[in-house]
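S.K.: Here it is, the structure, as structure tokens.
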Amino acid sequence: MQALKLLTCGSVDDGKSTLIGRFLYETGQLYADQLAALGEPDENGELPFANLLDGLEAERSQGITIDVAWRYARAGGRNLIIADTPGHEQYTRNMVTGASHCSLAIILVDARKGITRQTRRHSFLCHLLGVRQLVVAVNKMDALDYDRAAFEATREQYLALAEAMPGAQIQVLPVSALKGDNLAEPSANTPWYQGPTLLQVLQQAQVDQPQELPARLPVQMVIRPHQDLRALAGTLFAGELKLGDSLHHWPSGQQALVKGLWKSGTEADRIQAGDAVSVQLDRELDISRGDWLSVDKPRVGNSWQGWLVWLDDQPHSPGKRYRVKAPSRWNWGRIAGLDGQLDVEDLSVSDQVELTTNAIARVTLQLEEAQALDAYEQSRHTGSLVLVDPDSQQTVAAFLAEAPVEAGQARPQVSDAEKELNAYIRRHYPHWQALDVSRW
């Protein structure tokens, strides 16, 4: 059975780390030395389970999660890989990193506060990043004496919010991370709740399967173990490969047949999506890192529309040129169009766009060299890019591709005189970082 990757998210102090720590305790997954390392019980006799996840000194001293803590656990016979992500807005980039790997999100909601701005932000980000299984843990029910009406009010509030997230599969649970209610066993404190426990939800959850795309192999490395073998190594992100398959090489457009396949250094007849592989072709092609091998022709474009999550502390500077990292390939590009920005209060999209920290916007990304991509909803790995500031070397944004922009839409008409001027500027004033329009 494949491991289920999940994350916990929600506002700061909603009890994410405590929930996971208590879940491990309730399911008998803590050793004596781990229990001893937790520290002294509080005045109510409860152990500080959050210390299991908050490994940084700053996290323990402030009582918040800063970095993503990865934890391996089990739910019955199923392996779990849990990402405990920060709740504070300034660490949204870490939450985005965790969600981009996961099939399920546990969204913590403080029962005393109900749905907050951060609940809406994290829910939509999870949905945007392809996480369709959302488990809303209405936490701290013990603080409200397990009041059913309060739980139902929060549940209804969240289900109304979910109407803006088509395809989301939502379960809402009343829990107490502090006391362990409805984590491993049904709680006697909530006799009015007849739904599954968190353990049951995790046992029954689905692991995301690769979309049924034709084979996609972005080349990560060209290897030559000896003079008679030249192989192309990478991770097969979609489809399957078998000996004799005809592969399309992007960007050259040439074709070749699969002559040899290796998985973990062992020869194989067939390779499935998710495997790290090496491929030998029946003919020599000029292939380098970042090129694609695929069964069909991928979609290619200089301009792509999609959603962008701005992660940097500094706002976007219009016209700024960024390094763009696609699967195994570096490029340069600019944000050429701002098409709308998400309002996390009501999940509407407004025309007023300001790319500041944590902004979520629809944009048009202009690349200096064409890039093959899939739509993000079809493939997380071959449908996303990150933007890196060349000055600070910080990752400033994550881009989730929707579709390439038609050439006529993306590029303005450029006269020969303008091309000459552009060439002059690029030659004599390279520090202006002018875009190359010679092939427009």
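Quick note on naming: the chains in the structure tokens go A, B, ... in the order shown, residues restart at 1 in each chain, and ligands are numbered from 1 in order of appearance.
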Which residues come within 10 Å of segment 144-152 of chain A, counting only C-alpha atoms, excluding same-chain residues fewer than 6 positions away, as a PyMOL selection string?
M.R.: chain A and resi 111-114+138+158+172-176+181+189-193
S.K.: Would you give me, as number ranges by chain, the residues in segment 79-296 of chain A that DSSP reads as strand (DSSP E or B)?
M.R.: A: 79-84, 104-110, 133-139, 169-174, 176, 181, 216-218, 221-226, 229-235, 238, 240-242, 246-250, 255-263, 266-267, 270-272, 276-281, 292-294
S.K.: Would you mind listing what lies within 12 Å of Ala160 of chain A as a PDB file with N, CA, C and O atoms, in the first residue's frame, with only C-alpha atoms counted and same-chain residues fewer than 3 positions away left out?
M.R.:
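Listing of around11.pdb after writing:
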ATOM      1  N   ILE A 115     -14.387  29.946  11.494  1.00  0.00           N
ATOM      2  CA  ILE A 115     -13.604  30.097  10.263  1.00  0.00           C
ATOM      3  C   ILE A 115     -12.938  31.469  10.257  1.00  0.00           C
ATOM      4  O   ILE A 115     -13.595  32.493  10.404  1.00  0.00           O
ATOM      5  N   ARG A 120      -9.503  30.306   5.426  1.00  0.00           N
ATOM      6  CA  ARG A 120      -9.876  30.472   4.018  1.00  0.00           C
ATOM      7  C   ARG A 120      -8.638  30.443   3.128  1.00  0.00           C
ATOM      8  O   ARG A 120      -8.622  29.803   2.067  1.00  0.00           O
ATOM      9  N   ALA A 153     -22.350  24.995  13.796  1.00  0.00           N
ATOM     10  CA  ALA A 153     -22.235  26.332  13.200  1.00  0.00           C
ATOM     11  C   ALA A 153     -20.941  26.451  12.392  1.00  0.00           C
ATOM     12  O   ALA A 153     -20.935  26.985  11.269  1.00  0.00           O
ATOM     13  N   THR A 154     -19.840  25.935  12.953  1.00  0.00           N
ATOM     14  CA  THR A 154     -18.557  25.979  12.235  1.00  0.00           C
ATOM     15  C   THR A 154     -18.619  25.088  10.993  1.00  0.00           C
ATOM     16  O   THR A 154     -18.100  25.444   9.932  1.00  0.00           O
ATOM     17  N   ARG A 155     -19.240  23.939  11.146  1.00  0.00           N
ATOM     18  CA  ARG A 155     -19.369  23.017  10.007  1.00  0.00           C
ATOM     19  C   ARG A 155     -20.122  23.672   8.859  1.00  0.00           C
ATOM     20  O   ARG A 155     -19.688  23.615   7.700  1.00  0.00           O
ATOM     21  N   GLU A 156     -21.263  24.298   9.176  1.00  0.00           N
ATOM     22  CA  GLU A 156     -22.051  24.954   8.131  1.00  0.00           C
ATOM     23  C   GLU A 156     -21.278  26.104   7.496  1.00  0.00           C
ATOM     24  O   GLU A 156     -21.345  26.332   6.285  1.00  0.00           O
ATOM     25  N   GLN A 157     -20.529  26.827   8.309  1.00  0.00           N
ATOM     26  CA  GLN A 157     -19.734  27.957   7.813  1.00  0.00           C
ATOM     27  C   GLN A 157     -18.681  27.450   6.825  1.00  0.00           C
ATOM     28  O   GLN A 157     -18.449  28.060   5.778  1.00  0.00           O
ATOM     29  N   GLU A 163     -18.050  25.850  -1.293  1.00  0.00           N
ATOM     30  CA  GLU A 163     -18.717  25.994  -2.589  1.00  0.00           C
ATOM     31  C   GLU A 163     -17.800  26.655  -3.612  1.00  0.00           C
ATOM     32  O   GLU A 163     -18.000  26.510  -4.815  1.00  0.00           O
ATOM     33  N   ALA A 164     -16.780  27.375  -3.123  1.00  0.00           N
ATOM     34  CA  ALA A 164     -15.824  28.026  -4.032  1.00  0.00           C
ATOM     35  C   ALA A 164     -14.665  27.099  -4.396  1.00  0.00           C
ATOM     36  O   ALA A 164     -13.734  27.531  -5.071  1.00  0.00           O
ATOM     37  N   MET A 165     -14.721  25.836  -3.935  1.00  0.00           N
ATOM     38  CA  MET A 165     -13.632  24.895  -4.201  1.00  0.00           C
ATOM     39  C   MET A 165     -14.205  23.641  -4.856  1.00  0.00           C
ATOM     40  O   MET A 165     -14.405  22.615  -4.192  1.00  0.00           O
ATOM     41  N   PRO A 166     -14.519  23.694  -6.148  1.00  0.00           N
ATOM     42  CA  PRO A 166     -15.161  22.552  -6.811  1.00  0.00           C
ATOM     43  C   PRO A 166     -14.285  21.303  -6.743  1.00  0.00           C
ATOM     44  O   PRO A 166     -13.071  21.371  -6.888  1.00  0.00           O
ATOM     45  N   ILE A 170     -14.871  16.832   1.514  1.00  0.00           N
ATOM     46  CA  ILE A 170     -14.707  17.450   2.832  1.00  0.00           C
ATOM     47  C   ILE A 170     -15.342  16.596   3.928  1.00  0.00           C
ATOM     48  O   ILE A 170     -16.462  16.106   3.782  1.00  0.00           O
ATOM     49  N   ASP A 346     -13.648  36.427   0.622  1.00  0.00           N
ATOM     50  CA  ASP A 346     -14.818  35.794   0.001  1.00  0.00           C
ATOM     51  C   ASP A 346     -14.440  34.938  -1.204  1.00  0.00           C
ATOM     52  O   ASP A 346     -15.319  34.449  -1.923  1.00  0.00           O
ATOM     53  N   LEU A 347     -13.126  34.732  -1.424  1.00  0.00           N
ATOM     54  CA  LEU A 347     -12.606  33.905  -2.520  1.00  0.00           C
ATOM     55  C   LEU A 347     -13.042  34.422  -3.893  1.00  0.00           C
ATOM     56  O   LEU A 347     -13.122  33.655  -4.849  1.00  0.00           O
TER      57      LEU A 347
END
S.K.: Rounded to one decimal, what separation in Å do you get between atom CA of Val207 of chain A and atom CA of Ala168 of chain A?
M.R.: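 Those two atoms sit 14.5 Å apart.
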S.K.: I'd like the neighbourhood of Ala37 of chain A as a PyMOL selection string, where a residue qualifies if any of its atoms comes within 10 Å (using only C-alpha atoms), though same-chain residues fewer than 5 positions away should be ignored.
M.R.: chain A and resi 31-32+48+51-52
S.K.: List the spatial neighbours of segment 216-232 of chain A as a PyMOL selection string - criterion: any atom at most 6 Å away, only C-alpha atoms, same-chain residues fewer than 6 positions off excluded.
M.R.: chain A and resi 238+278-280+289-294+328
S.K.: I'd like the contact shell of Leu199 of chain A - 9 Å cut-off, only C-alpha atoms, skipping same-chain residues fewer than 4 positions apart - returned as a list in words.
M.R.: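 Using only C-alpha atoms, the neighbours found are Phe23, Thr27, Ala75, Gly76, Asn182, Leu183, Ala184, Glu185, Gln203 and Gln204 of chain A.
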S.K.: Could you name the residues that touch His316 of chain A at 12 Å or less, counting only C-alpha atoms, but leaving out those on the same chain fewer than 5 positions away, as a list in words?
M.R.: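 My list of contacting residues is Leu308, Val309, Trp310, Leu311, Arg321, Tyr322, Arg334, Ile335, Ala336, Leu338, Val353, Glu354, Leu355, Thr356, Thr357, Asn358, Ala359, Ala361, Leu387, Val388, Asp389, Val396 and Ala397 of chain A.
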S.K.: Write a file of the just-selected residues containing C-alpha atoms, as a PDB file, in the first residue's frame.
M.R.:
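Resulting contents of part_3.pdb:
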ATOM      1  CA  LEU A 308       0.951  32.618  -8.909  1.00  0.00           C
ATOM      2  CA  VAL A 309       1.563  32.655  -5.149  1.00  0.00           C
ATOM      3  CA  TRP A 310       3.860  35.511  -4.165  1.00  0.00           C
ATOM      4  CA  LEU A 311       6.153  34.295  -1.378  1.00  0.00           C
ATOM      5  CA  ARG A 321      13.492  39.860 -14.728  1.00  0.00           C
ATOM      6  CA  TYR A 322      13.552  36.601 -12.740  1.00  0.00           C
ATOM      7  CA  ARG A 334       8.934  38.278 -16.380  1.00  0.00           C
ATOM      8  CA  ILE A 335       5.407  38.660 -15.106  1.00  0.00           C
ATOM      9  CA  ALA A 336       3.916  40.182 -18.231  1.00  0.00           C
ATOM     10  CA  LEU A 338      -1.708  40.667 -13.951  1.00  0.00           C
ATOM     11  CA  VAL A 353      -3.610  43.252  -8.344  1.00  0.00           C
ATOM     12  CA  GLU A 354      -0.768  43.976  -5.971  1.00  0.00           C
ATOM     13  CA  LEU A 355       1.848  41.262  -5.656  1.00  0.00           C
ATOM     14  CA  THR A 356       2.866  41.542  -2.020  1.00  0.00           C
ATOM     15  CA  THR A 357       3.637  38.784   0.479  1.00  0.00           C
ATOM     16  CA  ASN A 358       1.174  35.863   0.247  1.00  0.00           C
ATOM     17  CA  ALA A 359      -0.810  37.394  -2.634  1.00  0.00           C
ATOM     18  CA  ALA A 361      -3.050  36.098  -8.427  1.00  0.00           C
ATOM     19  CA  LEU A 387      10.617  32.299  -9.766  1.00  0.00           C
ATOM     20  CA  VAL A 388      13.975  33.186  -8.208  1.00  0.00           C
ATOM     21  CA  ASP A 389      15.203  36.744  -7.651  1.00  0.00           C
ATOM     22  CA  VAL A 396       9.907  34.725  -4.676  1.00  0.00           C
ATOM     23  CA  ALA A 397       6.914  32.954  -6.232  1.00  0.00           C
TER      24      ALA A 397
END
S.K.: Between A:Ala417, A:Ala273, A:Leu38, A:Leu400, which residue has the minimum interatomic distance to His127 of chain A, considering only C-alpha atoms?
M.R.: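 So, comparing all the options, the nearest one is A:Leu400.
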